[in-house]
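Dropping my_file.cif in here (mmCIF, C-alpha atoms and all ligand atoms):
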```cif
data_run
#
loop_
_atom_site.label_atom_id
_atom_site.label_comp_id
_atom_site.auth_asym_id
_atom_site.auth_seq_id
_atom_site.Cartn_x
_atom_site.Cartn_y
_atom_site.Cartn_z
CA MET A 1 0.00 0.00 0.00
CA LEU A 2 0.98 3.62 -0.41
CA ARG A 3 0.33 6.66 1.73
CA LYS A 4 -2.02 9.13 0.10
CA ASP A 5 0.70 11.73 -0.43
CA VAL A 6 2.88 9.15 -2.20
CA ASN A 7 -0.04 7.98 -4.34
CA ASP A 8 -0.63 11.60 -5.35
CA LEU A 9 3.08 12.09 -6.03
CA LEU A 10 3.17 9.13 -8.44
CA THR A 11 -0.16 9.59 -10.19
CA LEU A 12 -0.58 13.34 -10.85
CA THR A 13 1.16 14.59 -14.00
CA GLY A 14 -0.23 18.03 -14.82
CA PRO A 15 2.01 21.11 -15.20
CA GLY A 16 3.91 21.89 -12.03
CA THR A 17 3.60 18.42 -10.47
CA ALA A 18 6.70 16.40 -9.63
CA MET A 19 5.66 13.39 -11.71
CA GLY A 20 4.59 15.72 -14.49
CA ASP A 21 8.12 17.15 -14.49
CA LEU A 22 9.49 13.61 -14.66
CA PHE A 23 7.37 12.71 -17.72
CA ARG A 24 8.49 15.96 -19.34
CA GLN A 25 12.07 14.63 -19.39
CA TYR A 26 11.25 11.96 -22.00
CA TRP A 27 10.29 11.67 -25.63
CA MET A 28 6.74 10.30 -25.51
CA PRO A 29 4.35 8.98 -28.16
CA ALA A 30 1.92 11.78 -29.00
CA LEU A 31 0.04 10.63 -32.12
CA LEU A 32 0.01 7.85 -34.65
CA ALA A 33 1.55 9.03 -37.90
CA GLU A 34 -1.73 8.02 -39.61
CA GLU A 35 -3.52 10.80 -37.70
CA LEU A 36 -1.66 13.42 -39.76
CA ALA A 37 -1.56 11.47 -42.98
CA GLU A 38 -0.84 14.26 -45.49
CA ASP A 39 0.27 17.87 -45.81
CA ASP A 40 -2.41 20.41 -44.86
CA CYS A 41 -4.69 17.67 -43.44
CA PRO A 42 -7.16 18.56 -40.66
CA PRO A 43 -5.57 19.44 -37.31
CA VAL A 44 -5.97 17.01 -34.41
CA ARG A 45 -6.74 17.71 -30.76
CA VAL A 46 -4.11 16.23 -28.44
CA LYS A 47 -4.25 16.20 -24.66
CA LEU A 48 -1.09 15.09 -22.88
CA LEU A 49 -0.03 15.52 -19.26
CA SER A 50 -3.23 17.59 -18.79
CA GLU A 51 -2.17 20.13 -21.46
CA ARG A 52 -4.56 20.81 -24.32
CA LEU A 53 -2.71 20.99 -27.62
CA ILE A 54 -3.26 20.92 -31.37
CA ALA A 55 -1.17 18.86 -33.76
CA PHE A 56 -0.98 19.70 -37.44
CA ARG A 57 1.12 19.04 -40.52
CA ASP A 58 1.79 22.06 -42.71
CA SER A 59 2.04 22.48 -46.48
CA LYS A 60 5.70 21.44 -46.42
CA GLY A 61 5.15 18.29 -44.34
CA ARG A 62 6.47 19.83 -41.11
CA TYR A 63 4.77 18.64 -37.92
CA GLY A 64 3.74 20.98 -35.12
CA LEU A 65 2.27 20.55 -31.65
CA ILE A 66 1.07 23.88 -30.27
CA ASP A 67 -1.23 25.31 -27.62
CA GLU A 68 -4.84 24.55 -28.55
CA PHE A 69 -6.07 28.10 -28.03
CA CYS A 70 -5.57 31.16 -30.19
CA ALA A 71 -3.54 33.90 -28.53
CA HIS A 72 -6.08 36.52 -29.64
CA ARG A 73 -9.21 35.58 -27.72
CA GLY A 74 -8.87 31.91 -26.98
CA VAL A 75 -10.66 30.11 -29.80
CA SER A 76 -9.77 26.45 -30.22
CA LEU A 77 -7.47 26.08 -33.18
CA TRP A 78 -9.06 22.73 -33.89
CA PHE A 79 -11.43 24.89 -35.95
CA GLY A 80 -8.43 26.34 -37.77
CA ARG A 81 -7.78 26.34 -41.51
CA ASN A 82 -4.58 24.45 -42.24
CA GLU A 83 -3.26 26.18 -45.38
CA GLU A 84 -0.23 27.83 -46.96
CA GLY A 85 2.32 26.99 -44.30
CA GLY A 86 0.31 27.47 -41.13
CA LEU A 87 -2.86 27.08 -39.11
CA ARG A 88 -5.21 30.05 -39.39
CA CYS A 89 -7.74 30.79 -36.64
CA PRO A 90 -11.18 31.01 -38.28
CA TYR A 91 -12.39 33.79 -35.95
CA HIS A 92 -10.25 36.78 -37.05
CA GLY A 93 -7.61 35.09 -39.16
CA TRP A 94 -4.53 35.05 -36.95
CA LYS A 95 -2.16 32.44 -38.31
CA TYR A 96 0.51 30.26 -36.63
CA ASP A 97 3.37 28.15 -37.95
CA VAL A 98 4.44 24.72 -36.60
CA THR A 99 6.56 26.33 -33.89
CA GLY A 100 3.56 28.28 -32.56
CA GLN A 101 4.96 31.55 -33.96
CA CYS A 102 2.22 33.90 -35.12
CA ILE A 103 2.90 34.72 -38.76
CA SER A 104 -0.10 36.84 -39.65
CA VAL A 105 -2.50 39.20 -37.87
CA PRO A 106 -4.56 40.52 -40.79
CA SER A 107 -6.09 43.44 -38.86
CA GLU A 108 -2.70 45.00 -38.06
CA PRO A 109 -0.41 46.77 -40.52
CA GLU A 110 2.39 44.43 -41.49
CA GLU A 111 5.06 47.00 -40.74
CA SER A 112 3.90 47.18 -37.09
CA GLY A 113 5.67 43.82 -36.49
CA PHE A 114 2.86 42.96 -34.07
CA CYS A 115 2.60 39.30 -34.98
CA GLN A 116 6.29 38.66 -34.28
CA LYS A 117 5.58 39.31 -30.61
CA ILE A 118 2.94 36.58 -30.46
CA LYS A 119 4.02 32.95 -29.96
CA LEU A 120 2.01 30.03 -28.67
CA ARG A 121 3.57 27.38 -26.45
CA SER A 122 4.80 24.57 -28.67
CA TYR A 123 6.61 21.26 -28.56
CA PRO A 124 8.56 19.37 -31.18
CA LEU A 125 6.84 16.57 -33.05
CA ILE A 126 9.04 14.06 -34.86
CA ARG A 127 8.23 10.89 -36.73
CA ILE A 128 10.01 7.66 -35.81
CA GLY A 129 8.35 4.49 -37.03
CA ASP A 130 4.54 4.73 -36.98
CA ILE A 131 4.58 7.28 -34.18
CA LEU A 132 4.89 11.05 -33.83
CA TRP A 133 6.89 11.70 -30.67
CA THR A 134 7.06 14.79 -28.54
CA HIS A 135 9.22 16.15 -25.75
CA MET A 136 7.31 18.51 -23.47
CA GLY A 137 10.20 19.54 -21.24
CA ASP A 138 12.92 22.14 -21.34
CA ALA A 139 14.31 22.41 -24.87
CA ALA A 140 17.82 22.94 -23.50
CA GLN A 141 17.67 19.49 -21.86
CA ARG A 142 16.12 17.66 -24.81
CA PRO A 143 17.52 14.13 -24.96
CA PRO A 144 18.60 12.40 -28.18
CA GLU A 145 15.83 10.70 -30.16
CA PRO A 146 14.31 7.49 -28.80
CA GLN A 147 15.87 4.17 -29.76
CA TRP A 148 13.10 1.65 -29.06
CA GLU A 149 13.62 -1.35 -31.29
CA PHE A 150 9.96 -1.65 -32.34
CA ALA A 151 10.06 1.86 -33.84
CA HIS A 152 13.30 1.30 -35.73
CA VAL A 153 12.77 -2.06 -37.47
CA PRO A 154 11.61 -1.88 -41.11
CA PRO A 155 7.91 -0.96 -41.47
CA GLU A 156 6.88 -4.44 -42.60
CA GLN A 157 8.07 -5.87 -39.26
CA THR A 158 6.06 -3.65 -36.95
CA PHE A 159 2.52 -2.53 -36.09
CA THR A 160 1.38 0.06 -33.53
CA SER A 161 -2.06 1.03 -32.26
CA LYS A 162 -3.34 3.16 -29.41
CA ARG A 163 -6.45 3.06 -27.32
CA TRP A 164 -7.99 5.44 -24.86
CA GLN A 165 -8.04 4.05 -21.33
CA GLU A 166 -10.28 5.69 -18.77
CA SER A 167 -7.95 5.39 -15.79
CA ASN A 168 -4.82 6.98 -14.42
CA TRP A 169 -1.63 5.93 -16.18
CA LEU A 170 -0.07 4.20 -13.15
CA GLN A 171 -2.69 1.51 -12.58
CA ALA A 172 -2.61 0.81 -16.32
CA MET A 173 1.18 0.53 -16.31
CA GLU A 174 1.08 -1.69 -13.24
CA GLY A 175 -1.00 -4.17 -15.24
CA GLY A 176 1.80 -4.25 -17.80
CA ILE A 177 4.36 -5.48 -15.28
CA ASP A 178 2.00 -7.84 -13.45
CA SER A 179 2.84 -11.14 -15.07
CA SER A 180 0.91 -13.14 -12.47
CA HIS A 181 -2.55 -12.23 -13.78
CA VAL A 182 -1.92 -13.89 -17.15
CA SER A 183 -2.65 -17.41 -15.90
CA TRP A 184 -6.03 -16.20 -14.62
CA LEU A 185 -7.45 -13.28 -16.54
CA HIS A 186 -6.03 -14.21 -19.96
CA SER A 187 -6.16 -18.01 -19.59
CA GLY A 188 -8.81 -18.36 -22.32
CA ALA A 189 -6.98 -16.08 -24.73
CA LEU A 190 -3.76 -18.09 -24.47
CA ASN A 191 -5.61 -20.94 -26.19
CA SER A 192 -7.58 -18.99 -28.74
CA ASP A 193 -5.92 -15.68 -29.66
CA PRO A 194 -4.16 -15.98 -33.03
CA LEU A 195 -1.24 -13.88 -31.73
CA PHE A 196 -0.75 -15.96 -28.56
CA LYS A 197 -1.86 -19.53 -29.18
CA GLY A 198 0.28 -22.56 -29.90
CA ALA A 199 3.46 -21.59 -27.99
CA ARG A 200 5.04 -24.23 -25.78
CA GLY A 201 5.35 -21.65 -23.00
CA ASN A 202 1.55 -21.38 -22.75
CA ARG A 203 1.49 -24.84 -21.17
CA TYR A 204 3.68 -23.66 -18.32
CA ASN A 205 1.47 -20.63 -17.81
CA HIS A 206 -1.54 -22.90 -17.48
CA GLY A 207 0.30 -25.51 -15.43
CA ASP A 208 1.69 -23.34 -12.64
CA MET A 209 -0.61 -20.78 -11.09
CA ARG A 210 1.85 -19.76 -8.37
CA PRO A 211 4.70 -17.95 -10.12
CA HIS A 212 7.69 -16.90 -8.11
CA PHE A 213 8.96 -13.38 -8.85
CA GLU A 214 12.51 -12.11 -9.01
CA VAL A 215 13.03 -8.46 -9.78
CA VAL A 216 16.38 -7.06 -10.83
CA GLU A 217 17.42 -3.45 -11.26
CA ALA A 218 18.35 -2.38 -14.79
CA ASP A 219 19.93 0.87 -15.97
CA GLY A 220 16.61 2.19 -17.26
CA GLY A 221 14.26 0.53 -14.78
CA LEU A 222 13.72 -3.11 -13.94
CA PHE A 223 13.73 -6.62 -15.30
CA ILE A 224 10.84 -8.50 -13.73
CA GLY A 225 11.25 -12.27 -13.88
CA ALA A 226 8.28 -14.57 -13.28
CA ARG A 227 9.30 -18.20 -12.74
CA ARG A 228 7.01 -21.14 -13.28
CA ASN A 229 7.70 -24.86 -13.19
CA ALA A 230 8.61 -26.54 -16.48
CA GLU A 231 9.40 -30.23 -17.04
CA ASP A 232 12.35 -32.18 -15.55
CA GLY A 233 12.81 -29.82 -12.63
CA LYS A 234 13.54 -26.89 -14.95
CA TYR A 235 12.02 -23.45 -14.72
CA TYR A 236 10.11 -21.42 -17.29
CA TRP A 237 11.01 -17.75 -16.95
CA ARG A 238 9.05 -14.86 -18.39
CA ILE A 239 11.07 -11.65 -18.19
CA THR A 240 9.38 -8.27 -18.54
CA PRO A 241 11.49 -5.14 -18.94
CA TRP A 242 10.10 -1.93 -17.53
CA VAL A 243 11.88 1.23 -18.63
CA MET A 244 11.04 4.44 -16.83
CA PRO A 245 8.60 5.91 -16.67
CA SER A 246 6.08 3.82 -18.57
CA PHE A 247 7.48 1.47 -21.22
CA THR A 248 6.73 -2.22 -20.71
CA MET A 249 7.35 -5.25 -22.88
CA ILE A 250 5.51 -8.54 -22.66
CA PRO A 251 7.65 -11.68 -22.86
CA PRO A 252 7.30 -13.40 -26.23
CA ARG A 253 5.51 -16.66 -27.05
CA GLY A 254 6.97 -18.99 -29.65
CA ASP A 255 7.64 -17.21 -32.94
CA HIS A 256 4.75 -14.79 -32.46
CA PRO A 257 5.65 -11.09 -32.76
CA VAL A 258 6.77 -9.47 -29.50
CA HIS A 259 4.52 -6.88 -27.96
CA GLY A 260 4.46 -4.17 -25.38
CA HIS A 261 3.11 -0.82 -24.33
CA PHE A 262 3.68 2.77 -23.47
CA TRP A 263 1.28 4.18 -20.91
CA VAL A 264 1.03 7.90 -21.51
CA PRO A 265 -1.05 10.22 -19.30
CA ILE A 266 -3.74 12.23 -21.09
CA ASP A 267 -4.69 13.79 -17.77
CA ASP A 268 -4.87 12.38 -14.25
CA GLN A 269 -7.93 10.24 -15.00
CA ASN A 270 -7.19 9.02 -18.52
CA CYS A 271 -4.24 7.61 -20.42
CA TRP A 272 -3.27 6.33 -23.84
CA ALA A 273 -2.38 2.66 -23.95
CA TRP A 274 0.05 2.58 -26.85
CA SER A 275 0.35 -1.00 -28.04
CA PHE A 276 3.05 -2.25 -30.37
CA ASP A 277 3.87 -5.58 -31.95
CA TYR A 278 7.01 -6.32 -33.91
CA HIS A 279 9.23 -9.13 -34.99
CA PRO A 280 12.95 -8.36 -34.72
CA VAL A 281 14.00 -10.36 -37.79
CA ARG A 282 11.06 -11.01 -40.11
CA ALA A 283 8.11 -9.27 -41.72
CA LEU A 284 4.76 -9.70 -40.04
CA THR A 285 2.63 -12.14 -42.02
CA ARG A 286 -0.56 -10.93 -43.64
CA GLU A 287 -2.52 -13.02 -41.11
CA GLU A 288 -0.69 -11.44 -38.18
CA ARG A 289 -1.21 -7.90 -39.45
CA THR A 290 -4.88 -8.57 -40.14
CA ALA A 291 -5.30 -10.02 -36.64
CA MET A 292 -3.74 -6.87 -35.13
CA GLN A 293 -5.94 -4.59 -37.23
CA ASP A 294 -8.97 -6.65 -36.19
CA GLY A 295 -8.23 -6.10 -32.49
CA PHE A 296 -6.63 -9.40 -31.50
CA GLY A 297 -3.61 -9.77 -29.24
CA ILE A 298 -3.08 -6.57 -27.30
CA HIS A 299 -4.98 -4.43 -29.81
CA VAL A 300 -8.70 -3.59 -29.80
CA LYS A 301 -11.68 -3.00 -32.05
CA TYR A 302 -12.59 0.69 -32.01
CA ALA A 303 -15.83 2.57 -31.75
CA PRO A 304 -16.09 3.84 -35.36
CA GLY A 305 -14.05 6.95 -36.10
CA THR A 306 -12.32 7.00 -32.69
CA TYR A 307 -9.50 5.41 -30.70
CA ARG A 308 -11.98 4.51 -27.98
CA PRO A 309 -12.50 0.75 -27.64
CA LEU A 310 -15.79 -0.58 -28.98
CA ALA A 311 -16.16 -2.47 -25.68
CA ASN A 312 -16.04 0.26 -23.05
CA LYS A 313 -17.48 1.18 -19.69
CA ASP A 314 -20.67 2.59 -21.22
CA ASN A 315 -21.65 -0.87 -22.50
CA ASP A 316 -20.14 -2.90 -19.63
CA TYR A 317 -17.35 -3.98 -21.99
CA LEU A 318 -19.85 -6.23 -23.82
CA MET A 319 -19.74 -8.60 -20.86
CA ASP A 320 -20.65 -12.16 -21.93
CA ARG A 321 -21.54 -14.23 -18.86
CA ALA A 322 -22.35 -17.27 -21.01
CA ALA A 323 -18.82 -17.28 -22.53
CA GLN A 324 -17.46 -16.94 -19.02
CA LYS A 325 -19.51 -19.95 -17.89
CA ARG A 326 -18.39 -21.99 -20.88
CA GLY A 327 -14.79 -21.24 -19.91
CA GLU A 328 -13.95 -19.31 -23.09
CA THR A 329 -13.05 -16.20 -21.11
CA PHE A 330 -12.19 -16.02 -17.45
CA SER A 331 -13.80 -12.63 -16.75
CA GLY A 332 -16.54 -12.62 -19.41
CA VAL A 333 -14.82 -9.80 -21.32
CA ASP A 334 -13.41 -10.65 -24.72
CA GLY A 335 -9.88 -9.80 -25.83
CA ILE A 336 -6.68 -9.38 -23.87
CA ALA A 337 -6.54 -5.59 -23.98
CA MET A 338 -10.10 -5.10 -22.80
CA GLN A 339 -9.77 -7.82 -20.16
CA ASP A 340 -7.02 -5.64 -18.67
CA ALA A 341 -8.62 -2.26 -19.31
CA SER A 342 -12.04 -3.25 -17.93
CA LEU A 343 -10.56 -4.29 -14.60
CA GLN A 344 -8.16 -1.36 -14.37
CA GLU A 345 -10.96 1.11 -15.12
CA SER A 346 -13.16 -0.66 -12.55
CA MET A 347 -10.69 0.41 -9.82
CA GLY A 348 -11.88 4.01 -10.28
CA PRO A 349 -10.00 6.74 -12.16
CA ILE A 350 -7.17 6.84 -9.60
CA VAL A 351 -7.11 3.73 -7.43
CA ASP A 352 -6.84 4.36 -3.69
CA ARG A 353 -3.56 2.59 -2.91
CA THR A 354 -3.94 3.19 0.84
CA LYS A 355 -6.38 0.26 0.81
CA GLU A 356 -4.41 -2.41 -1.04
CA ASN A 357 -3.01 -5.64 0.40
CA LEU A 358 0.02 -6.57 -1.68
CA VAL A 359 1.54 -10.07 -1.90
CA SER A 360 4.79 -11.51 -3.20
CA THR A 361 3.61 -11.60 -6.83
CA ASP A 362 3.32 -7.81 -6.62
CA ASN A 363 7.08 -7.40 -6.15
CA GLY A 364 7.61 -5.91 -9.60
CA ILE A 365 4.96 -3.29 -8.90
CA ILE A 366 6.39 -2.49 -5.47
CA MET A 367 9.88 -2.01 -6.89
CA ALA A 368 8.69 0.04 -9.86
CA ARG A 369 6.85 2.42 -7.52
CA HIS A 370 9.93 2.66 -5.36
CA ARG A 371 12.17 3.53 -8.31
CA LEU A 372 9.67 6.03 -9.66
CA ARG A 373 9.50 7.73 -6.31
CA LYS A 374 13.27 7.85 -5.98
CA ALA A 375 13.63 9.28 -9.49
CA VAL A 376 10.86 11.86 -8.99
CA GLU A 377 12.42 13.06 -5.75
CA ALA A 378 15.96 13.12 -7.17
CA LEU A 379 14.78 15.19 -10.13
CA ARG A 380 12.76 17.54 -7.93
CA ASP A 381 15.35 17.99 -5.21
CA LYS A 382 18.67 17.64 -7.06
CA ALA A 383 17.87 17.94 -10.78
CA VAL A 384 19.12 14.38 -11.39
CA VAL A 385 18.25 13.14 -14.91
CA PRO A 386 16.08 10.05 -14.41
CA PRO A 387 16.72 6.55 -15.77
CA GLY A 388 15.23 5.87 -19.20
CA VAL A 389 16.10 9.28 -20.68
CA ASP A 390 19.37 7.93 -22.12
CA PRO A 391 18.49 6.18 -25.42
CA ALA A 392 20.90 3.36 -24.50
CA HIS A 393 18.28 2.37 -21.88
CA HIS A 394 15.76 1.78 -24.66
CA ARG A 395 17.73 -1.08 -26.22
CA VAL A 396 16.06 -3.84 -24.17
CA ARG A 397 14.04 -6.91 -25.03
CA SER A 398 11.69 -9.17 -23.18
CA ALA A 399 12.43 -12.90 -23.18
CA SER A 400 10.89 -16.24 -22.27
CA VAL A 401 13.28 -19.09 -21.59
CA VAL A 402 13.54 -22.48 -19.88
CA LEU A 403 16.52 -22.61 -17.52
CA ASP A 404 18.15 -25.09 -15.18
CA PRO A 405 17.00 -24.55 -11.62
CA ASP A 406 20.29 -23.27 -10.22
CA ILE A 407 20.85 -20.37 -12.68
CA ALA A 408 19.78 -16.81 -12.00
CA PHE A 409 17.86 -15.37 -14.95
CA VAL A 410 19.91 -12.18 -15.04
CA ASP A 411 23.11 -14.12 -15.57
CA ALA A 412 21.67 -16.63 -18.02
CA CYS A 413 19.77 -14.02 -20.06
CA LYS A 414 22.22 -11.11 -20.22
CA ASP A 415 22.27 -11.16 -24.02
CA ASP A 416 18.62 -12.16 -24.47
CA LEU A 417 17.54 -8.97 -22.69
CA LYS A 418 19.46 -6.70 -25.07
CA VAL A 419 18.58 -5.61 -28.58
CA ARG A 420 20.71 -7.67 -30.94
CA PRO A 421 20.17 -6.53 -34.52
CA GLY A 422 19.53 -9.47 -36.84
CA VAL A 423 19.11 -11.89 -33.93
CA LYS A 424 15.72 -13.33 -33.14
CA GLN A 425 14.01 -12.83 -29.77
CA SER A 426 14.59 -15.54 -27.14
CA SER A 427 11.27 -17.27 -26.79
CA VAL A 428 9.61 -20.60 -26.02
S1 LIG B 501 -9.67 34.39 -31.55
FE1 LIG B 501 -8.32 33.66 -33.01
S2 LIG B 501 -8.06 35.24 -34.40
FE2 LIG B 501 -9.40 36.05 -32.92
FE FE B 502 -3.00 -8.39 -19.04
#
```

For the file at hand, write its structure as structure tokens.
Amino acid sequence: MLRKDVNDLLTLTGPGTAMGDLFRQYWMPALLAEELAEDDCPPVRVKLLSERLIAFRDSKGRYGLIDEFCAHRGVSLWFGRNEEGGLRCPYHGWKYDVTGQCISVPSEPEESGFCQKIKLRSYPLIRIGDILWTHMGDAAQRPPEPQWEFAHVPPEQTFTSKRWQESNWLQAMEGGIDSSHVSWLHSGALNSDPLFKGARGNRYNHGDMRPHFEVVEADGGLFIGARRNAEDGKYYWRITPWVMPSFTMIPPRGDHPVHGHFWVPIDDQNCWAWSFDYHPVRALTREERTAMQDGFGIHVKYAPGTYRPLANKDNDYLMDRAAQKRGETFSGVDGIAMQDASLQESMGPIVDRTKENLVSTDNGIIMARHRLRKAVEALRDKAVVPPGVDPAHHRVRSASVVLDPDIAFVDACKDDLKVRPGVKQSSV
């Protein structure tokens, strides 16, 4: 459990909060590249870390992420006209470029230089892989570009989606490092989901419901090892990297693509669950890509025209008690992503961690909170750059392996937990 002040410290990310300052140290996913698909396309509303912003792509293909509201009298620039190298407010025609600089105030004489004095808050927006990334912190401290493997493999090897989750980022992220719930909540999906089924490791997940956890510190965060019994006295290890503040990777299954998440705060009560799948050495098959687009694996089906899941809290996540009774799903909710999201949203927008009763399988969560707290306080009190900012910390992989009983996973899997270009993921 956490004291209320610590829960607040870790969960609140708006401007001026300590955790908000921590998030502002990192490059974060802001939009899918598909959301700004062509030059001069419609602008998109973006809310991140409780700041309301507008993203647009100008006539020359430059991306911008600027304050949502016109500096004149506060109209939302979502209504703006994106044309001729800038976004023009439809109310009185003030126009802004991708850096937020005002470049035209039609009512004022040009020689007055008035518009040069007007600049909206803005953040960089860069494309790497399928994602447009932003850095919302001090430009002088901007780290080098992110190096996550999934965003750097060739396009045919990777797929990314995002979904709106109606809960605070931390309880969502904690689900991503909680390997013990898989044998319960996702037990049905292990047998049926096209992106999970058929792996030898699934048998060990089903066969041992009491995993033992070992958590090891890494440069960027943690490696969380969940150990289950395999045959002949050996152990099946599933190793989940967590890189600060909110990148998690699920251990692989067989030759299926590897997947993971970023959990990015929209505001204190909502987050984006960014969900990626990639294969380090081969193209995704047509069947795999179709399954991802159709909402299998860690992806979802959307309510039309949105990134909100079709199954959501307004329709009780399309709960199917009959499927639950038949044993097809453990919770009655279909699909891995919504099995997680439904339960995490059910905790309330920010779960009250003063009331929890943690057990040994929560060790990864306990240590992640501890490291977050240490990093938040070190940044706040001593301006220490937190783990995970250095792009070298991004070059991690998850792994699933069968090991002899007397070997520690960190020693046995040193190489498996690193990005090795051209080498396949370690997976059973
Ligand atoms: S409010 Fe935008 S131009 Fe007047
Ligand atoms: Fe899950």

Proximity of chain A to ligand FE 502 (chain B): per-residue shortest pair, 10 Å limit, only C-alpha atoms and all ligand atoms, as a Markdown table:
```
| residue | atom | partner | partner_atom | distance |
| --- | --- | --- | --- | --- |
| A:Ala172 | CA | B:FE502 | FE | 9.6 |
| A:Glu174 | CA | B:FE502 | FE | 9.8 |
| A:Gly175 | CA | B:FE502 | FE | 6.0 |
| A:Gly176 | CA | B:FE502 | FE | 6.5 |
| A:Ile177 | CA | B:FE502 | FE | 8.8 |
| A:Asp178 | CA | B:FE502 | FE | 7.5 |
| A:Ser179 | CA | B:FE502 | FE | 7.6 |
| A:Ser180 | CA | B:FE502 | FE | 9.0 |
| A:His181 | CA | B:FE502 | FE | 6.5 |
| A:Val182 | CA | B:FE502 | FE | 5.9 |
| A:Ser183 | CA | B:FE502 | FE | 9.6 |
| A:Trp184 | CA | B:FE502 | FE | 9.5 |
| A:Leu185 | CA | B:FE502 | FE | 7.1 |
| A:His186 | CA | B:FE502 | FE | 6.6 |
| A:Ile250 | CA | B:FE502 | FE | 9.2 |
| A:Ile298 | CA | B:FE502 | FE | 8.5 |
| A:Gly335 | CA | B:FE502 | FE | 9.8 |
| A:Ile336 | CA | B:FE502 | FE | 6.2 |
| A:Ala337 | CA | B:FE502 | FE | 6.7 |
| A:Met338 | CA | B:FE502 | FE | 8.7 |
| A:Gln339 | CA | B:FE502 | FE | 6.9 |
| A:Asp340 | CA | B:FE502 | FE | 4.9 |
| A:Ala341 | CA | B:FE502 | FE | 8.3 |
| A:Leu343 | CA | B:FE502 | FE | 9.7 |
| A:Gln344 | CA | B:FE502 | FE | 9.9 |
```

For segment 146-149 of chain A, please output as a PyMOL selection string all residues within 12 Å (counting all atoms listed in the file; exclusion window: fewer than 3 positions along the same chain). chain A and resi 26-29+126-129+131-135+142-143+152-155+157-158+243+247-249+258-262+276-281+388-398+418-422+425

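Distances here use only C-alpha atoms; by that measure, the residue among A:Ala139, A:Val385, A:Met1, A:Leu65 closest to Asp352 of chain A is A:Met1.
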
Check every protein, DNA and RNA residue against ligand LIG 501 (chain B), keep those with an atom at most 8 Å away (counting only C-alpha atoms and all ligand atoms), and present them as a VMD selection string. chain A and resid 69 to 77 88 to 95 105

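Atom CA of Pro245 of chain A is positioned 7.1 Å from atom CA of Leu372 of chain A.
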